[in-house]
$ cat structure10.cif   # mmCIF, C-alpha atoms
data_run
loop_
_atom_site.group_PDB
_atom_site.id
_atom_site.type_symbol
_atom_site.label_atom_id
_atom_site.label_comp_id
_atom_site.auth_asym_id
_atom_site.auth_seq_id
_atom_site.Cartn_x
_atom_site.Cartn_y
_atom_site.Cartn_z
ATOM 1 C CA MET K 17 101.727 209.005 223.543
ATOM 2 C CA GLY K 18 99.095 206.763 225.090
ATOM 3 C CA ASP K 19 99.142 204.096 222.363
ATOM 4 C CA ARG K 20 99.985 200.818 224.086
ATOM 5 C CA LEU K 21 101.115 199.279 220.777
ATOM 6 C CA ARG K 22 103.062 202.214 219.379
ATOM 7 C CA LEU K 23 106.190 200.043 218.999
ATOM 8 C CA TYR K 24 104.361 196.950 217.761
ATOM 9 C CA GLY K 25 106.544 194.753 215.561
ATOM 10 C CA LEU K 26 109.809 196.512 216.401
ATOM 11 C CA LYS K 27 112.858 194.683 217.755
ATOM 12 C CA ALA K 28 114.756 196.566 220.468
ATOM 13 C CA VAL K 29 118.079 196.021 222.220
ATOM 14 C CA VAL K 30 118.695 197.567 225.633
ATOM 15 C CA THR K 31 122.118 197.262 227.249
ATOM 16 C CA ASN K 32 122.892 197.505 230.980
ATOM 17 C CA ALA K 33 119.324 196.310 231.393
ATOM 18 C CA ALA K 34 119.309 194.200 234.564
ATOM 19 C CA SER K 35 118.346 197.075 236.840
ATOM 20 C CA GLY K 36 117.847 200.818 237.073
ATOM 21 C CA ILE K 37 117.337 202.801 233.881
ATOM 22 C CA GLY K 38 117.991 199.868 231.563
ATOM 23 C CA GLU K 39 115.417 197.689 233.276
ATOM 24 C CA ALA K 40 112.825 200.472 233.174
ATOM 25 C CA VAL K 41 113.525 201.064 229.477
ATOM 26 C CA ALA K 42 113.251 197.374 228.607
ATOM 27 C CA ARG K 43 109.950 197.015 230.451
ATOM 28 C CA THR K 44 108.539 200.224 228.966
ATOM 29 C CA LEU K 45 109.414 199.354 225.371
ATOM 30 C CA ALA K 46 107.938 195.873 225.787
ATOM 31 C CA LYS K 47 104.807 197.336 227.368
ATOM 32 C CA HIS K 48 104.320 199.364 224.195
ATOM 33 C CA GLY K 49 104.623 196.427 221.837
ATOM 34 C CA ALA K 50 108.334 195.991 221.109
ATOM 35 C CA THR K 51 110.156 192.684 221.293
ATOM 36 C CA VAL K 52 113.090 193.475 223.588
ATOM 37 C CA LEU K 53 116.442 191.815 224.143
ATOM 38 C CA ALA K 54 117.790 192.943 227.522
ATOM 39 C CA VAL K 55 121.586 192.654 227.642
ATOM 40 C CA ASP K 56 123.765 192.891 230.731
ATOM 41 C CA THR K 57 126.888 191.408 232.271
ATOM 42 C CA THR K 58 127.221 187.768 233.303
ATOM 43 C CA ASN K 59 127.019 188.592 237.022
ATOM 44 C CA SER K 60 124.060 190.989 236.717
ATOM 45 C CA GLY K 61 121.270 188.434 236.969
ATOM 46 C CA VAL K 62 119.672 189.765 233.786
ATOM 47 C CA GLU K 63 118.551 186.326 232.631
ATOM 48 C CA LYS K 64 116.502 185.830 235.815
ATOM 49 C CA GLN K 65 115.244 189.429 235.951
ATOM 50 C CA PHE K 66 112.956 189.085 232.932
ATOM 51 C CA THR K 67 111.923 185.448 233.221
ATOM 52 C CA SER K 68 108.244 186.317 233.574
ATOM 53 C CA VAL K 69 108.162 189.583 231.598
ATOM 54 C CA LYS K 70 106.220 189.223 228.350
ATOM 55 C CA GLY K 71 108.087 190.499 225.327
ATOM 56 C CA VAL K 72 111.527 190.595 226.955
ATOM 57 C CA ASP K 73 114.294 188.063 226.452
ATOM 58 C CA ALA K 74 117.711 188.366 228.117
ATOM 59 C CA LEU K 75 121.338 187.881 227.178
ATOM 60 C CA ALA K 76 124.446 187.937 229.372
ATOM 61 C CA ALA K 77 127.531 189.401 227.704
ATOM 62 C CA ASN K 78 130.689 191.471 228.123
ATOM 63 C CA LEU K 79 129.706 195.155 228.123
ATOM 64 C CA THR K 80 133.016 196.718 229.118
ATOM 65 C CA ASP K 81 135.295 195.808 226.199
ATOM 66 C CA ALA K 82 134.700 197.692 222.938
ATOM 67 C CA THR K 83 136.443 194.981 220.922
ATOM 68 C CA ARG K 84 133.728 192.511 221.975
ATOM 69 C CA MET K 85 130.848 194.560 220.543
ATOM 70 C CA PRO K 86 130.949 193.090 216.977
ATOM 71 C CA ALA K 87 130.578 189.560 218.343
ATOM 72 C CA LEU K 88 127.830 190.717 220.692
ATOM 73 C CA VAL K 89 125.923 192.258 217.812
ATOM 74 C CA GLU K 90 126.093 188.950 215.956
ATOM 75 C CA GLN K 91 124.593 187.214 218.999
ATOM 76 C CA ILE K 92 121.863 189.834 219.138
ATOM 77 C CA VAL K 93 121.005 189.399 215.469
ATOM 78 C CA GLU K 94 120.834 185.621 215.926
ATOM 79 C CA ARG K 95 118.201 186.223 218.599
ATOM 80 C CA LEU K 96 116.219 189.062 216.990
ATOM 81 C CA GLY K 97 116.872 188.809 213.264
ATOM 82 C CA VAL K 98 116.940 192.586 212.907
ATOM 83 C CA ILE K 99 117.649 195.591 215.136
ATOM 84 C CA ASP K 100 115.138 198.435 214.969
ATOM 85 C CA VAL K 101 115.932 200.199 218.248
ATOM 86 C CA LEU K 102 119.326 200.246 219.964
ATOM 87 C CA VAL K 103 119.528 201.748 223.453
ATOM 88 C CA ASN K 104 123.129 202.126 224.590
ATOM 89 C CA ASP K 105 124.028 202.228 228.267
ATOM 90 C CA PHE K 106 127.068 200.619 229.834
ATOM 91 C CA PRO K 107 128.068 199.624 233.415
ATOM 92 C CA LEU K 108 130.713 202.330 233.882
ATOM 93 C CA GLN K 109 129.786 203.854 237.267
ATOM 94 C CA PRO K 110 133.080 204.395 239.179
ATOM 95 C CA ASP K 111 133.553 203.140 242.737
ATOM 96 C CA GLU K 112 133.085 206.657 244.082
ATOM 97 C CA PRO K 113 131.971 210.004 242.610
ATOM 98 C CA LEU K 114 134.677 211.609 240.493
ATOM 99 C CA GLN K 115 136.236 214.927 241.330
ATOM 100 C CA THR K 116 136.439 217.559 238.610
ATOM 101 C CA THR K 117 140.129 216.941 237.922
ATOM 102 C CA ASP K 118 140.206 213.196 238.613
ATOM 103 C CA ASP K 119 142.487 211.358 236.191
ATOM 104 C CA ARG K 120 139.870 208.616 235.859
ATOM 105 C CA PHE K 121 137.417 211.006 234.244
ATOM 106 C CA ASP K 122 139.082 211.087 230.830
ATOM 107 C CA ARG K 123 139.339 207.304 230.802
ATOM 108 C CA LEU K 124 135.666 206.991 231.697
ATOM 109 C CA VAL K 125 134.554 209.269 228.863
ATOM 110 C CA GLN K 126 136.891 207.613 226.361
ATOM 111 C CA THR K 127 135.704 204.139 227.340
ATOM 112 C CA ARG K 128 132.068 205.132 226.883
ATOM 113 C CA ALA K 129 132.773 206.642 223.469
ATOM 114 C CA ALA K 130 134.617 203.517 222.328
ATOM 115 C CA LEU K 131 131.800 201.232 223.495
ATOM 116 C CA VAL K 132 129.035 203.317 221.925
ATOM 117 C CA MET K 133 130.773 203.726 218.578
ATOM 118 C CA SER K 134 131.787 200.072 218.358
ATOM 119 C CA MET K 135 128.275 198.909 219.202
ATOM 120 C CA CYS K 136 126.605 201.292 216.762
ATOM 121 C CA ARG K 137 128.934 200.687 213.849
ATOM 122 C CA SER K 138 128.628 196.936 214.339
ATOM 123 C CA ALA K 139 124.846 197.213 214.433
ATOM 124 C CA LEU K 140 124.517 199.632 211.508
ATOM 125 C CA PRO K 141 124.503 197.019 208.697
ATOM 126 C CA HIS K 142 121.648 195.235 210.453
ATOM 127 C CA MET K 143 119.759 198.427 211.317
ATOM 128 C CA GLN K 144 119.789 199.455 207.658
ATOM 129 C CA LYS K 145 117.193 196.721 207.121
ATOM 130 C CA SER K 146 114.823 198.448 209.542
ATOM 131 C CA PRO K 147 112.109 200.842 208.329
ATOM 132 C CA ALA K 148 112.430 202.836 211.561
ATOM 133 C CA GLY K 149 115.961 202.585 212.946
ATOM 134 C CA ARG K 150 116.592 204.366 216.233
ATOM 135 C CA ILE K 151 119.832 204.760 218.205
ATOM 136 C CA ILE K 152 119.448 206.188 221.704
ATOM 137 C CA ASN K 153 122.482 206.806 223.910
ATOM 138 C CA ILE K 154 122.121 207.206 227.679
ATOM 139 C CA GLY K 155 124.378 209.688 229.489
ATOM 140 C CA PHE K 156 126.110 209.307 232.830
ATOM 141 C CA LEU K 157 124.081 209.733 236.007
ATOM 142 C CA ARG K 158 124.757 212.756 238.202
ATOM 143 C CA SER K 159 125.879 210.322 240.923
ATOM 144 C CA VAL K 160 128.993 209.603 238.832
ATOM 145 C CA PHE K 161 130.299 213.047 239.770
ATOM 146 C CA ALA K 162 131.158 214.639 243.119
ATOM 147 C CA THR K 163 129.477 217.832 244.293
ATOM 148 C CA ASN K 164 132.316 219.856 242.759
ATOM 149 C CA GLY K 165 132.051 217.933 239.499
ATOM 150 C CA ALA K 166 129.868 220.392 237.580
ATOM 151 C CA ALA K 167 132.545 221.037 234.963
ATOM 152 C CA ALA K 168 133.027 217.304 234.442
ATOM 153 C CA CYS K 169 129.258 216.921 233.955
ATOM 154 C CA VAL K 170 129.373 219.498 231.178
ATOM 155 C CA VAL K 171 132.355 217.889 229.451
ATOM 156 C CA ALA K 172 130.793 214.419 229.639
ATOM 157 C CA ARG K 173 127.535 215.649 228.140
ATOM 158 C CA LYS K 174 129.305 217.571 225.366
ATOM 159 C CA ASP K 175 131.275 214.457 224.486
ATOM 160 C CA LEU K 176 128.078 212.403 224.302
ATOM 161 C CA ALA K 177 126.440 215.104 222.186
ATOM 162 C CA ALA K 178 129.377 215.160 219.770
ATOM 163 C CA LEU K 179 129.513 211.404 219.233
ATOM 164 C CA THR K 180 125.730 211.275 218.851
ATOM 165 C CA ARG K 181 125.844 214.020 216.196
ATOM 166 C CA ALA K 182 128.560 212.033 214.418
ATOM 167 C CA LEU K 183 126.357 208.945 214.470
ATOM 168 C CA ALA K 184 123.376 210.928 213.176
ATOM 169 C CA ALA K 185 125.477 212.142 210.248
ATOM 170 C CA GLU K 186 126.578 208.575 209.457
ATOM 171 C CA THR K 187 123.150 206.996 209.731
ATOM 172 C CA GLY K 188 120.818 209.660 208.346
ATOM 173 C CA GLU K 189 120.952 208.423 204.762
ATOM 174 C CA PHE K 190 119.531 205.109 205.986
ATOM 175 C CA SER K 191 116.621 206.833 207.783
ATOM 176 C CA ILE K 192 118.177 205.881 211.133
ATOM 177 C CA THR K 193 118.037 208.521 213.846
ATOM 178 C CA ALA K 194 120.589 208.927 216.641
ATOM 179 C CA ASN K 195 119.827 210.860 219.812
ATOM 180 C CA TYR K 196 120.827 210.883 223.463
ATOM 181 C CA VAL K 197 119.129 211.191 226.833
ATOM 182 C CA GLN K 198 121.073 212.944 229.580
ATOM 183 C CA PRO K 199 119.817 211.931 233.036
ATOM 184 C CA GLY K 200 120.203 214.081 236.082
ATOM 185 C CA ALA K 201 120.143 212.468 239.518
ATOM 186 C CA ILE K 202 118.164 209.249 239.062
ATOM 187 C CA MET K 203 117.540 206.822 241.919
ATOM 188 C CA THR K 204 118.924 203.633 240.427
ATOM 189 C CA PRO K 205 120.195 200.874 242.726
ATOM 190 C CA THR K 206 123.760 202.009 242.014
ATOM 191 C CA ALA K 207 122.957 205.659 242.698
ATOM 192 C CA ARG K 208 121.112 204.699 245.889
ATOM 193 C CA GLU K 209 124.276 203.073 247.198
ATOM 194 C CA VAL K 210 126.340 206.138 246.241
ATOM 195 C CA PHE K 211 123.887 208.433 247.999
ATOM 196 C CA ARG K 212 123.858 206.182 251.070
ATOM 197 C CA LYS K 213 127.585 206.698 251.395
ATOM 198 C CA ASP K 214 127.527 210.360 250.384
ATOM 199 C CA ARG K 215 124.411 212.089 251.700
ATOM 200 C CA ALA K 216 125.909 215.474 250.874
ATOM 201 C CA LEU K 217 125.871 214.561 247.188
ATOM 202 C CA ARG K 218 122.249 213.439 247.395
ATOM 203 C CA ASP K 219 121.263 216.676 249.132
ATOM 204 C CA TYR K 220 123.239 218.673 246.566
ATOM 205 C CA CYS K 221 121.399 216.999 243.696
ATOM 206 C CA ILE K 222 118.010 217.674 245.272
ATOM 207 C CA ALA K 223 118.866 221.285 246.052
ATOM 208 C CA ASN K 224 120.036 221.917 242.473
ATOM 209 C CA SER K 225 116.938 220.429 240.865
ATOM 210 C CA ALA K 226 113.979 222.707 240.214
ATOM 211 C CA ALA K 227 111.758 219.723 240.980
ATOM 212 C CA LYS K 228 113.456 219.362 244.392
ATOM 213 C CA ARG K 229 113.719 215.609 244.074
ATOM 214 C CA VAL K 230 115.752 212.935 242.405
ATOM 215 C CA GLY K 231 114.227 211.193 239.419
ATOM 216 C CA GLU K 232 113.152 207.599 238.910
ATOM 217 C CA PRO K 233 114.301 205.253 236.125
ATOM 218 C CA VAL K 234 110.846 205.386 234.549
ATOM 219 C CA ASP K 235 111.338 209.136 233.996
ATOM 220 C CA ILE K 236 114.149 208.265 231.596
ATOM 221 C CA ALA K 237 112.286 205.319 230.084
ATOM 222 C CA LYS K 238 109.364 207.511 228.995
ATOM 223 C CA VAL K 239 111.714 209.799 227.069
ATOM 224 C CA VAL K 240 113.424 206.812 225.450
ATOM 225 C CA LEU K 241 109.980 205.572 224.407
ATOM 226 C CA PHE K 242 109.325 208.872 222.630
ATOM 227 C CA LEU K 243 112.671 208.789 220.813
ATOM 228 C CA ALA K 244 112.076 205.160 219.783
ATOM 229 C CA SER K 245 108.645 205.905 218.325
ATOM 230 C CA ASP K 246 107.391 207.382 215.061
ATOM 231 C CA ASP K 247 106.755 210.632 216.944
ATOM 232 C CA ALA K 248 110.517 211.264 216.868
ATOM 233 C CA GLY K 249 111.063 210.230 213.259
ATOM 234 C CA PHE K 250 112.495 213.636 212.295
ATOM 235 C CA VAL K 251 114.515 214.132 215.497
ATOM 236 C CA SER K 252 118.181 213.252 215.158
ATOM 237 C CA GLY K 253 121.591 214.354 216.367
ATOM 238 C CA THR K 254 120.221 215.974 219.493
ATOM 239 C CA GLY K 255 119.576 215.236 223.164
ATOM 240 C CA ILE K 256 117.007 215.591 225.914
ATOM 241 C CA VAL K 257 118.058 216.438 229.470
ATOM 242 C CA VAL K 258 115.886 214.696 232.074
ATOM 243 C CA ASP K 259 116.840 216.235 235.402
ATOM 244 C CA GLY K 260 113.726 217.963 236.738
ATOM 245 C CA GLY K 261 115.067 221.322 235.618
ATOM 246 C CA SER K 262 117.879 223.407 237.048
ATOM 247 C CA ALA K 263 117.331 225.408 240.223
ATOM 248 C CA GLY K 264 120.035 227.881 239.193
ATOM 249 C CA SER K 265 122.247 228.969 236.331
ATOM 250 C CA SER K 266 125.302 226.891 237.196
ATOM 251 C CA ALA K 267 127.108 224.605 234.791
ATOM 252 C CA ASP K 268 125.561 221.696 236.668
ATOM 253 C CA ALA K 269 122.398 222.295 234.675
ATOM 254 C CA ALA K 270 123.962 220.000 232.112
ATOM 255 C CA GLY K 271 123.198 216.956 234.232
#
$ encode --input "structure10.cif" --output "structure tokens"
Amino acid sequence: MGDRLRLYGLKAVVTNAASGIGEAVARTLAKHGATVLAVDTTNSGVEKQFTSVKGVDALAANLTDATRMPALVEQIVERLGVIDVLVNDFPLQPDEPLQTTDDRFDRLVQTRAALVMSMCRSALPHMQKSPAGRIINIGFLRSVFATNGAAACVVARKDLAALTRALAAETGEFSITANYVQPGAIMTPTAREVFRKDRALRDYCIANSAAKRVGEPVDIAKVVLFLASDDAGFVSGTGIVVDGGSAGSSADAAG
């Protein structure tokens, strides 16, 4: 785990990478030897964010329309030549935390599934050329959901688990793994703004974490590093919850 060049020679793509978890992942993978293309939206500032970061290049693109993913993958391949590691995260945080029965919830989950599947299936022909293909999907933050959104958390994670298992079944014959990371409450810039407006949600997240704190983006990045490395070569179709542990037995343990 301490090998600074454990990803040496690998080409990695990280989406939603201008800040928060994506930024931490991009920096961590590059720190361990990967050549990283950090992708984010045109108004995210991603191209300035990594100007002086060795091993990281940046690309501004549309990350909210699943029909645009094939063209995006072609741009990525023009830059990298091959895709070894694909980390999927998308800018889908709603304007305010969703209630359990909010009509927007289904649309949010469906949009994520469409984006992930379109990106992965577009990238698959290029990833087949890799000796160590890795797909890593990032789940929704706990700040997406209101304090009474435990059931929605569970549904969202189960949906991510199901589509990741489907990807693992599709890609296994090519020695490509597919896994997911389910964050708990992570203090990204977006989550910080949510918690500023809704202190009760922040306090709820802290109280329901065994660690009694919210996490940092680097906590997620370290797990992504493991899944991207040879150490996880026989791990596929599964997920890792990174939430500091659950303080109780509620459904909210799912993230």
$ residues_around --input "structure10.cif" --residues "range 245-255 of chain K" --least-positions-apart "5" --cutoff "6 Å" --atoms "all atoms listed in the file" --output "JSON, numbers by chain"
{"K": [180, 181, 184, 193, 194, 195, 196, 197]}
$ resolve_selection --input "structure10.cif" --expression "the PyMOL selection byres ((chain K and resi 93) around 12)" --output "PDB file with C-alpha atoms, in the frame of the given file"
ATOM      1  CA  LYS K  27     112.858 194.683 217.755  1.00  0.00           C
ATOM      2  CA  ALA K  28     114.756 196.566 220.468  1.00  0.00           C
ATOM      3  CA  VAL K  29     118.079 196.021 222.220  1.00  0.00           C
ATOM      4  CA  LEU K  53     116.442 191.815 224.143  1.00  0.00           C
ATOM      5  CA  LEU K  75     121.338 187.881 227.178  1.00  0.00           C
ATOM      6  CA  PRO K  86     130.949 193.090 216.977  1.00  0.00           C
ATOM      7  CA  ALA K  87     130.578 189.560 218.343  1.00  0.00           C
ATOM      8  CA  LEU K  88     127.830 190.717 220.692  1.00  0.00           C
ATOM      9  CA  VAL K  89     125.923 192.258 217.812  1.00  0.00           C
ATOM     10  CA  GLU K  90     126.093 188.950 215.956  1.00  0.00           C
ATOM     11  CA  GLN K  91     124.593 187.214 218.999  1.00  0.00           C
ATOM     12  CA  ILE K  92     121.863 189.834 219.138  1.00  0.00           C
ATOM     13  CA  GLU K  94     120.834 185.621 215.926  1.00  0.00           C
ATOM     14  CA  ARG K  95     118.201 186.223 218.599  1.00  0.00           C
ATOM     15  CA  LEU K  96     116.219 189.062 216.990  1.00  0.00           C
ATOM     16  CA  GLY K  97     116.872 188.809 213.264  1.00  0.00           C
ATOM     17  CA  VAL K  98     116.940 192.586 212.907  1.00  0.00           C
ATOM     18  CA  ILE K  99     117.649 195.591 215.136  1.00  0.00           C
ATOM     19  CA  ASP K 100     115.138 198.435 214.969  1.00  0.00           C
ATOM     20  CA  LEU K 102     119.326 200.246 219.964  1.00  0.00           C
ATOM     21  CA  SER K 138     128.628 196.936 214.339  1.00  0.00           C
ATOM     22  CA  ALA K 139     124.846 197.213 214.433  1.00  0.00           C
ATOM     23  CA  LEU K 140     124.517 199.632 211.508  1.00  0.00           C
ATOM     24  CA  PRO K 141     124.503 197.019 208.697  1.00  0.00           C
ATOM     25  CA  HIS K 142     121.648 195.235 210.453  1.00  0.00           C
ATOM     26  CA  MET K 143     119.759 198.427 211.317  1.00  0.00           C
ATOM     27  CA  LYS K 145     117.193 196.721 207.121  1.00  0.00           C
TER      28      LYS K 145
END
$ closest_residue --input "structure10.cif" --among "K:Thr127, K:Thr187, K:Thr83, K:Ser68" --to "Pro107 in chain K" --atoms "only C-alpha atoms"
K:Thr127
$ resolve_selection --input "structure10.cif" --expression "the PyMOL selection byres ((chain K and resi 73) around 10)" --output "list in words"
Val29, Ala42, Thr51, Val52, Leu53, Ala54, Val55, Val62, Glu63, Lys64, Gln65, Phe66, Thr67, Ser68, Val69, Lys70, Gly71, Val72, Ala74, Leu75, Arg95 and Leu96 of chain K
$ resolve_selection --input "structure10.cif" --expression "the PyMOL selection byres ((chain K and resi 168) around 12)" --output "number ranges by chain"
K: 113-122, 124-125, 156-167, 169-175, 267-271
$ atom_distance --input "structure10.cif" --atom1 "CA of Ile236 in chain K" --atom2 "CA of Gln144 in chain K"
26.1 Å
